[in-house]
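S.K.: What follows is the file run-v6.tsv, containing TSV, C-alpha atoms:
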```
chain	number	residue	atom	x	y	z
A	1	MET	CA	73.45	105.36	106.07
A	2	ASN	CA	73.39	101.82	104.68
A	3	GLN	CA	75.07	98.87	106.38
A	4	SER	CA	78.86	99.21	106.66
A	5	ILE	CA	80.92	97.67	103.87
A	6	PHE	CA	83.07	96.00	106.54
A	7	LYS	CA	84.01	96.47	110.16
A	8	GLY	CA	87.58	95.77	111.22
A	9	ILE	CA	90.52	95.22	108.89
A	10	ALA	CA	90.68	95.02	105.11
A	11	THR	CA	94.00	93.98	103.62
A	12	ALA	CA	95.30	96.21	100.84
A	13	LEU	CA	96.55	93.08	99.12
A	14	ILE	CA	99.72	92.95	97.05
A	15	THR	CA	99.60	91.66	93.48
A	16	PRO	CA	102.25	88.94	93.08
A	17	PHE	CA	104.26	88.82	89.86
A	18	THR	CA	106.26	85.98	88.38
A	19	ALA	CA	110.01	86.31	87.81
A	20	SER	CA	109.22	87.43	84.26
A	21	GLY	CA	106.83	90.12	85.50
A	22	GLU	CA	103.45	88.56	84.73
A	23	VAL	CA	100.62	88.46	87.28
A	24	ASP	CA	101.07	85.28	89.35
A	25	TYR	CA	97.48	84.15	89.82
A	26	ASP	CA	98.46	80.97	91.68
A	27	ALA	CA	100.30	83.01	94.32
A	28	TYR	CA	97.47	85.56	94.39
A	29	GLY	CA	94.91	82.85	95.02
A	30	ARG	CA	96.96	81.37	97.86
A	31	LEU	CA	97.27	84.81	99.42
A	32	ILE	CA	93.52	85.40	99.23
A	33	ASP	CA	92.81	82.01	100.83
A	34	TRP	CA	95.37	82.57	103.60
A	35	GLN	CA	94.01	86.03	104.39
A	36	ILE	CA	90.45	84.75	104.64
A	37	GLU	CA	91.47	81.70	106.70
A	38	SER	CA	93.35	84.07	109.01
A	39	GLY	CA	90.14	85.97	109.75
A	40	ILE	CA	90.54	89.12	107.68
A	41	ASP	CA	87.35	91.19	107.35
A	42	ALA	CA	87.71	92.27	103.69
A	43	ILE	CA	90.19	92.36	100.81
A	44	VAL	CA	91.17	95.26	98.57
A	45	SER	CA	92.23	94.31	95.04
A	46	CYS	CA	94.24	96.61	92.76
A	47	GLY	CA	94.83	99.38	95.24
A	48	THR	CA	98.16	101.13	95.79
A	49	SER	CA	99.63	98.06	97.49
A	50	GLY	CA	98.37	95.97	94.59
A	51	GLU	CA	100.35	98.08	92.10
A	52	GLY	CA	97.18	99.06	90.29
A	53	PRO	CA	98.86	101.98	88.49
A	54	THR	CA	101.20	99.68	86.54
A	55	LEU	CA	98.65	97.02	85.66
A	56	SER	CA	97.35	97.21	82.12
A	57	ASP	CA	93.63	97.75	81.68
A	58	ALA	CA	93.14	94.07	80.86
A	59	GLU	CA	95.25	92.97	83.84
A	60	HIS	CA	93.46	95.33	86.21
A	61	LYS	CA	90.09	93.96	85.24
A	62	GLU	CA	91.22	90.33	85.33
A	63	VAL	CA	92.84	90.70	88.77
A	64	VAL	CA	89.61	92.17	90.16
A	65	ARG	CA	87.54	89.43	88.53
A	66	TYR	CA	89.87	86.76	89.90
A	67	ALA	CA	89.76	88.19	93.44
A	68	VAL	CA	85.96	88.21	93.42
A	69	GLU	CA	85.78	84.64	92.14
A	70	ARG	CA	88.45	83.34	94.53
A	71	ALA	CA	86.92	85.02	97.59
A	72	ASN	CA	83.57	83.54	96.52
A	73	GLY	CA	81.55	85.60	98.97
A	74	ARG	CA	83.62	84.65	102.03
A	75	VAL	CA	84.58	88.29	102.66
A	76	PRO	CA	83.80	91.52	100.83
A	77	VAL	CA	86.10	92.33	97.91
A	78	ILE	CA	86.79	96.03	97.40
A	79	ALA	CA	88.11	96.95	93.95
A	80	GLY	CA	90.47	99.83	93.37
A	81	THR	CA	88.84	101.75	90.52
A	82	GLY	CA	90.15	105.28	90.93
A	83	SER	CA	92.02	107.24	88.26
A	84	ASN	CA	93.06	110.76	87.36
A	85	ASP	CA	90.73	110.29	84.37
A	86	THR	CA	87.15	110.31	85.65
A	87	ALA	CA	85.86	108.57	82.51
A	88	TYR	CA	88.28	105.69	83.03
A	89	ALA	CA	87.34	105.47	86.71
A	90	VAL	CA	83.71	105.18	85.61
A	91	GLU	CA	84.63	102.38	83.19
A	92	LEU	CA	86.54	100.44	85.87
A	93	THR	CA	83.77	101.01	88.41
A	94	LYS	CA	81.09	99.71	86.06
A	95	PHE	CA	83.20	96.65	85.25
A	96	ALA	CA	83.94	95.85	88.90
A	97	SER	CA	80.27	96.29	89.78
A	98	GLU	CA	79.26	93.87	87.03
A	99	VAL	CA	81.73	91.14	88.05
A	100	GLY	CA	80.58	91.22	91.67
A	101	ALA	CA	82.95	93.44	93.64
A	102	ASP	CA	81.24	94.48	96.86
A	103	ALA	CA	82.55	98.05	96.89
A	104	MET	CA	84.96	100.39	95.11
A	105	LEU	CA	88.00	102.19	96.48
A	106	VAL	CA	88.26	105.45	94.54
A	107	VAL	CA	91.37	107.55	95.01
A	108	THR	CA	91.47	111.29	94.40
A	109	PRO	CA	92.76	112.34	90.97
A	110	TYR	CA	96.56	112.48	90.90
A	111	TYR	CA	98.98	114.61	88.87
A	112	ASN	CA	96.30	116.73	87.20
A	113	LYS	CA	94.73	117.10	90.70
A	114	ALA	CA	91.49	119.06	91.09
A	115	THR	CA	89.77	121.85	92.95
A	116	GLN	CA	87.29	120.89	95.65
A	117	GLU	CA	84.52	121.43	93.11
A	118	GLY	CA	86.35	119.18	90.66
A	119	LEU	CA	86.68	116.49	93.33
A	120	TYR	CA	83.00	116.78	94.14
A	121	ARG	CA	81.90	116.48	90.51
A	122	SER	CA	84.32	113.62	89.78
A	123	PHE	CA	83.26	111.52	92.76
A	124	MET	CA	79.58	112.23	92.13
A	125	THR	CA	79.96	111.14	88.48
A	126	ILE	CA	81.60	107.87	89.53
A	127	ALA	CA	78.98	107.29	92.23
A	128	ASP	CA	76.19	107.85	89.71
A	129	ALA	CA	77.71	105.15	87.49
A	130	SER	CA	78.15	102.58	90.25
A	131	THR	CA	75.70	100.01	91.50
A	132	LYS	CA	77.92	99.36	94.53
A	133	PRO	CA	79.10	101.59	97.38
A	134	LEU	CA	82.20	103.76	97.12
A	135	ILE	CA	85.01	104.30	99.61
A	136	LEU	CA	86.70	107.62	98.86
A	137	TYR	CA	90.48	107.39	99.26
A	138	ASN	CA	92.31	110.50	100.41
A	139	VAL	CA	96.12	110.21	100.33
A	140	PRO	CA	97.53	113.66	99.53
A	141	SER	CA	101.15	112.58	100.08
A	142	ARG	CA	100.83	110.45	96.93
A	143	THR	CA	98.33	112.45	94.86
A	144	GLY	CA	99.00	116.07	95.75
A	145	CYS	CA	95.25	116.47	96.24
A	146	ASN	CA	93.39	116.68	99.56
A	147	ILE	CA	89.65	116.30	100.25
A	148	GLN	CA	88.49	119.01	102.65
A	149	PRO	CA	86.00	118.20	105.45
A	150	ALA	CA	83.31	120.39	103.91
A	151	THR	CA	83.65	118.50	100.61
A	152	TYR	CA	83.15	115.19	102.41
A	153	LEU	CA	79.93	116.62	103.84
A	154	ARG	CA	78.65	117.49	100.35
A	155	LEU	CA	79.62	114.06	99.04
A	156	SER	CA	77.90	112.27	101.92
A	157	GLU	CA	74.53	113.12	100.37
A	158	HIS	CA	75.02	110.54	97.59
A	159	GLU	CA	73.63	107.14	98.57
A	160	ASN	CA	76.48	105.28	96.87
A	161	ILE	CA	79.21	107.18	98.73
A	162	GLN	CA	79.40	105.32	102.01
A	163	ALA	CA	82.90	105.58	103.44
A	164	ILE	CA	86.31	107.24	103.56
A	165	LYS	CA	89.79	105.78	103.60
A	166	GLU	CA	91.62	108.65	105.23
A	167	ALA	CA	95.40	108.77	104.90
A	168	ASN	CA	96.05	112.49	105.18
A	169	GLY	CA	97.87	111.95	108.50
A	170	ASN	CA	96.22	115.06	109.97
A	171	ILE	CA	94.32	114.02	113.09
A	172	SER	CA	92.83	117.50	113.53
A	173	ALA	CA	91.34	117.38	110.02
A	174	ILE	CA	90.07	113.85	110.67
A	175	VAL	CA	88.32	115.02	113.85
A	176	GLU	CA	86.73	117.90	111.92
A	177	THR	CA	85.58	115.52	109.18
A	178	MET	CA	84.05	113.12	111.68
A	179	SER	CA	82.24	115.99	113.39
A	180	LEU	CA	80.56	116.71	110.04
A	181	VAL	CA	79.89	113.25	108.57
A	182	HIS	CA	79.62	110.87	111.54
A	183	GLY	CA	76.50	108.79	110.93
A	184	LYS	CA	76.62	109.64	107.22
A	185	LEU	CA	79.99	108.16	106.17
A	186	ASP	CA	82.09	105.42	107.72
A	187	MET	CA	85.75	106.21	108.20
A	188	TYR	CA	88.63	103.75	107.81
A	189	SER	CA	92.21	104.57	108.65
A	190	GLY	CA	94.55	104.47	105.67
A	191	ASN	CA	97.58	104.47	107.96
A	192	ASP	CA	98.50	101.44	110.08
A	193	ASP	CA	99.96	103.66	112.81
A	194	GLN	CA	96.62	105.45	113.30
A	195	ILE	CA	94.18	102.54	113.65
A	196	VAL	CA	93.33	103.11	117.32
A	197	PRO	CA	93.25	106.94	117.11
A	198	ILE	CA	90.72	106.77	114.27
A	199	LEU	CA	88.68	104.08	116.03
A	200	SER	CA	88.46	106.46	118.99
A	201	MET	CA	86.74	109.00	116.74
A	202	GLY	CA	84.11	106.49	115.68
A	203	GLY	CA	86.09	104.89	112.86
A	204	MET	CA	85.14	101.45	111.58
A	205	GLY	CA	88.60	100.00	111.06
A	206	CYS	CA	91.54	100.20	108.68
A	207	ILE	CA	92.52	99.39	105.12
A	208	SER	CA	95.87	97.95	106.03
A	209	VAL	CA	99.29	97.18	104.59
A	210	LEU	CA	100.49	95.56	107.83
A	211	SER	CA	97.80	92.88	107.56
A	212	ASN	CA	99.47	91.48	104.43
A	213	LEU	CA	102.03	90.06	106.89
A	214	LEU	CA	99.98	89.82	110.07
A	215	PRO	CA	96.28	89.41	109.24
A	216	LYS	CA	95.28	87.78	112.56
A	217	GLU	CA	97.28	90.19	114.67
A	218	THR	CA	96.11	93.31	112.84
A	219	CYS	CA	92.50	92.17	113.14
A	220	GLU	CA	93.08	91.67	116.86
A	221	ILE	CA	93.69	95.42	117.25
A	222	THR	CA	90.17	96.25	116.09
A	223	ARG	CA	88.57	93.27	117.79
A	224	ARG	CA	90.01	94.27	121.14
A	225	TYR	CA	88.84	97.83	120.61
A	226	PHE	CA	85.30	96.88	119.62
A	227	ALA	CA	85.12	94.50	122.60
A	228	GLY	CA	85.87	97.40	124.93
A	229	ASP	CA	89.55	96.57	125.54
A	230	VAL	CA	90.91	99.92	124.45
A	231	ALA	CA	94.13	99.50	126.42
A	232	GLY	CA	94.72	96.11	124.81
A	233	ALA	CA	94.14	97.55	121.34
A	234	ALA	CA	96.53	100.41	122.08
A	235	GLU	CA	99.13	97.95	123.36
A	236	LEU	CA	99.10	96.09	120.03
A	237	GLN	CA	99.10	99.35	118.07
A	238	MET	CA	102.27	100.42	119.88
A	239	ARG	CA	103.90	96.98	119.62
A	240	TYR	CA	103.81	97.06	115.85
A	241	VAL	CA	105.10	100.62	115.40
A	242	PRO	CA	108.68	99.53	114.50
A	243	LEU	CA	107.40	97.05	111.90
A	244	ILE	CA	104.95	99.59	110.48
A	245	GLN	CA	107.71	102.17	110.19
A	246	ALA	CA	109.92	99.63	108.40
A	247	LEU	CA	107.06	98.86	105.99
A	248	PHE	CA	107.00	102.54	105.02
A	249	CYS	CA	110.71	103.38	105.08
A	250	GLU	CA	110.53	103.22	101.28
A	251	VAL	CA	107.50	103.94	99.14
A	252	ASN	CA	104.70	101.39	99.49
A	253	PRO	CA	104.49	98.64	98.20
A	254	ILE	CA	108.26	98.14	97.86
A	255	PRO	CA	108.77	97.01	101.48
A	256	VAL	CA	105.60	94.90	101.79
A	257	LYS	CA	106.47	93.06	98.57
A	258	ALA	CA	109.95	92.36	99.99
A	259	ALA	CA	108.41	91.17	103.25
A	260	MET	CA	105.95	88.83	101.59
A	261	ALA	CA	108.74	87.42	99.41
A	262	ALA	CA	110.83	86.77	102.54
A	263	MET	CA	107.85	84.86	103.97
A	264	GLY	CA	107.66	82.76	100.80
A	265	TYR	CA	104.34	84.06	99.48
A	266	CYS	CA	105.60	85.65	96.26
A	267	GLU	CA	108.59	86.72	94.23
A	268	ASP	CA	110.19	90.06	95.10
A	269	VAL	CA	109.26	91.46	91.70
A	270	LEU	CA	107.87	94.95	91.10
A	271	ARG	CA	107.21	96.97	87.98
A	272	LEU	CA	109.13	100.13	87.18
A	273	PRO	CA	109.26	102.81	88.40
A	274	LEU	CA	109.22	100.73	91.61
A	275	THR	CA	112.47	98.92	92.34
A	276	PRO	CA	113.56	96.35	94.96
A	277	MET	CA	114.40	97.58	98.45
A	278	GLU	CA	117.76	99.07	99.23
A	279	SER	CA	119.92	96.69	101.26
A	280	ALA	CA	120.09	98.74	104.48
A	281	ASN	CA	116.32	99.23	104.55
A	282	ARG	CA	115.77	95.56	103.74
A	283	GLU	CA	117.87	94.51	106.74
A	284	ARG	CA	115.89	96.87	108.95
A	285	LEU	CA	112.62	95.33	107.74
A	286	LEU	CA	113.86	91.74	108.06
A	287	GLY	CA	115.11	92.48	111.56
A	288	CYS	CA	111.65	93.65	112.60
A	289	MET	CA	110.12	90.58	111.00
A	290	ARG	CA	112.50	88.28	112.88
A	291	ARG	CA	111.53	89.90	116.18
A	292	GLU	CA	107.89	89.14	115.39
A	293	GLY	CA	108.70	85.53	114.44
A	294	LEU	CA	107.64	86.01	110.83
A	295	ILE	CA	110.91	84.65	109.44
A	296	GLY	CA	113.76	82.61	110.88
```
For the file at hand, write its structure as structure tokens.

M.R.:
Amino acid sequence: MNQSIFKGIATALITPFTASGEVDYDAYGRLIDWQIESGIDAIVSCGTSGEGPTLSDAEHKEVVRYAVERANGRVPVIAGTGSNDTAYAVELTKFASEVGADAMLVVTPYYNKATQEGLYRSFMTIADASTKPLILYNVPSRTGCNIQPATYLRLSEHENIQAIKEANGNISAIVETMSLVHGKLDMYSGNDDQIVPILSMGGMGCISVLSNLLPKETCEITRRYFAGDVAGAAELQMRYVPLIQALFCEVNPIPVKAAMAAMGYCEDVLRLPLTPMESANRERLLGCMRREGLIG
């Protein structure tokens, strides 16, 4: 296997919008700078947390281009280029490769879904078109489509398929996958509440929502683990469980956008069908943030 795309924490970065609903590039740039200055290991642009599905084609491409230019080589930039249309995923992947993204995050097809053979052929087609490595993103709770361990093993033979973002929530399936592909594919947790469990199976880190709010502290989980302080890593993992749960009490990225707005980093503006947080859930989230000293 080639060198890892990153080791530690990559922030699945939100995409800020102005009050009128346009992409707020000034706020986005400040977020990128703050994340890098806080020690984050990589940035994901236009993923789920970045509201990639409601960005137009032109916006999607421009946000990726902007992220690459703003990061300016300081950390890897991973572009979300997945789609339920393989041809469009190929187009996005080629574009992101050309503008300098370091890797692609490619989600399983959603709505139309696919058989395991369809998943294999789709990912292989995208990998053939890319000049950069791919991270396969498995999140069946959102897509209705699950990559089986045996399919990961088949996909691991392609030199451009280098890693997995696993958010199936099934630790037994994750253990089976790692037994098949360890040394062939890196694995990143796609769930903030499973960082340490996946590290214990040889994982390389996490693509995180929590690190939008707490980049230093989320990175500290993996840094403690890799330094041999497993108990210290587990202590932080458990400390942030209430905040993590609050960040997912409504569909992501509704809560994280509300949280970042409360911290003054962006407007609390989403695009339909996403809507602002319900008041009771917002108070729960803000209460957790107060306890962590994130807001007054």

S.K.: Measuring between only C-alpha atoms, which one of A:Asp57, A:Ile135, A:Pro242, A:Pro276 shows the shortest distance to Arg290 (chain A)?

M.R.: A:Pro242

S.K.: Could you work out how far CA of Ile195 (chain A) lies from CA of Ala127 (chain A), giving the answer in Å with one decimal?

M.R.: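 Taking CA of Ala127 (chain A) as the start and CA of Ile195 (chain A) as the end point, the length is 26.7 Å.
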
S.K.: For Met263 (chain A), work out the shell of residues within 7 Å, counting all atoms listed in the file and skipping chain neighbours fewer than 4 positions away, then give it as a PyMOL selection string.

M.R.: chain A and resi 259+294-295

S.K.: Next, the residues of the selection above should be written as a PDB file, keeping the file's coordinate frame with C-alpha atoms.

M.R.:
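Result file follows (part25.pdb):
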```
ATOM      1  CA  ALA A 259     108.410  91.170 103.250  1.00  0.00           C
ATOM      2  CA  LEU A 294     107.640  86.010 110.830  1.00  0.00           C
ATOM      3  CA  ILE A 295     110.910  84.650 109.440  1.00  0.00           C
TER       4      ILE A 295
END
```

S.K.: So what do you get for CA of Ala163 (chain A) versus CA of Asp186 (chain A), distance-wise?

M.R.: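 One can read the CA of Ala163 (chain A) to CA of Asp186 (chain A) distance as 4.4 Å.
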
S.K.: If we count all atoms listed in the file, what is near Ala87 (chain A) at a cut-off of 12 Å, once residues fewer than 2 positions away on the same chain are taken out, given as a list of chain:residue names?

M.R.: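 These residues fall inside the cut-off: A:Thr81, A:Gly82, A:Ser83, A:Asn84, A:Asp85, A:Ala89, A:Val90, A:Glu91, A:Leu92, A:Thr93, A:Lys94, A:Pro109, A:Arg121, A:Ser122, A:Phe123, A:Thr125, A:Ile126, A:Ala127, A:Ala129.
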
S.K.: I need the residue nearest Thr108 (chain A) from this list: A:Glu22, A:Asp268, A:Glu166, A:Asp41. Use all atoms listed in the file for the distance.

M.R.: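 The answer is A:Glu166, which sits nearest to Thr108 (chain A).
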
S.K.: For Gly100 (chain A), which residue among A:Val196, A:Cys206, A:Met238, A:Ala67 is the nearest when counting all atoms listed in the file?

M.R.: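 Using all atoms listed in the file, Gly100 (chain A) sits closest to A:Ala67.
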
S.K.: Would you mind listing what lies within 9 Å of Glu220 (chain A) as number ranges by chain, with all atoms listed in the file counted and same-chain residues fewer than 3 positions away left out?

M.R.: A: 8, 215-217, 223-225, 233, 236

S.K.: Once you've located region 237-257 of chain A in the structure I gave, write it as a short mmCIF file (atom, residue, chain, number, x, y, z; two decimals), in the first residue's frame, keeping N, CA and C atoms.

M.R.:
```
data_model
loop_
_atom_site.label_atom_id
_atom_site.label_comp_id
_atom_site.auth_asym_id
_atom_site.auth_seq_id
_atom_site.Cartn_x
_atom_site.Cartn_y
_atom_site.Cartn_z
N GLN A 237 -12.29 10.21 24.53
CA GLN A 237 -13.41 9.67 23.76
C GLN A 237 -14.69 9.68 24.60
N MET A 238 -14.58 9.23 25.84
CA MET A 238 -15.76 9.16 26.71
C MET A 238 -16.21 10.55 27.15
N ARG A 239 -15.26 11.45 27.36
CA ARG A 239 -15.62 12.81 27.79
C ARG A 239 -16.55 13.48 26.80
N TYR A 240 -16.29 13.27 25.51
CA TYR A 240 -17.03 14.00 24.50
C TYR A 240 -18.29 13.29 24.01
N VAL A 241 -18.65 12.17 24.63
CA VAL A 241 -19.85 11.45 24.21
C VAL A 241 -21.10 12.32 24.27
N PRO A 242 -21.36 13.07 25.35
CA PRO A 242 -22.58 13.90 25.35
C PRO A 242 -22.62 14.93 24.22
N LEU A 243 -21.48 15.56 23.94
CA LEU A 243 -21.43 16.54 22.86
C LEU A 243 -21.61 15.86 21.50
N ILE A 244 -20.97 14.72 21.32
CA ILE A 244 -21.13 13.97 20.07
C ILE A 244 -22.60 13.59 19.85
N GLN A 245 -23.23 13.10 20.90
CA GLN A 245 -24.64 12.72 20.78
C GLN A 245 -25.51 13.92 20.43
N ALA A 246 -25.19 15.08 21.02
CA ALA A 246 -25.96 16.29 20.71
C ALA A 246 -25.74 16.72 19.26
N LEU A 247 -24.53 16.49 18.75
CA LEU A 247 -24.23 16.85 17.35
C LEU A 247 -24.93 15.95 16.34
N PHE A 248 -25.49 14.83 16.84
CA PHE A 248 -26.20 13.92 15.94
C PHE A 248 -27.63 13.66 16.39
N CYS A 249 -28.17 14.56 17.24
CA CYS A 249 -29.56 14.39 17.68
C CYS A 249 -30.53 14.79 16.58
N GLU A 250 -30.07 15.55 15.59
CA GLU A 250 -30.79 15.77 14.35
C GLU A 250 -29.81 15.44 13.23
N VAL A 251 -30.32 15.33 12.02
CA VAL A 251 -29.48 14.86 10.92
C VAL A 251 -28.31 15.83 10.70
N ASN A 252 -27.12 15.27 10.57
CA ASN A 252 -25.94 16.05 10.23
C ASN A 252 -26.10 16.62 8.82
N PRO A 253 -25.75 17.91 8.59
CA PRO A 253 -25.02 18.85 9.43
C PRO A 253 -25.87 19.91 10.13
N ILE A 254 -27.15 19.63 10.39
CA ILE A 254 -27.97 20.65 11.06
C ILE A 254 -27.35 21.08 12.39
N PRO A 255 -27.01 20.14 13.30
CA PRO A 255 -26.49 20.58 14.59
C PRO A 255 -25.11 21.23 14.50
N VAL A 256 -24.22 20.70 13.67
CA VAL A 256 -22.87 21.28 13.62
C VAL A 256 -22.91 22.68 13.02
N LYS A 257 -23.82 22.93 12.09
CA LYS A 257 -23.96 24.28 11.55
C LYS A 257 -24.47 25.22 12.64
#
```
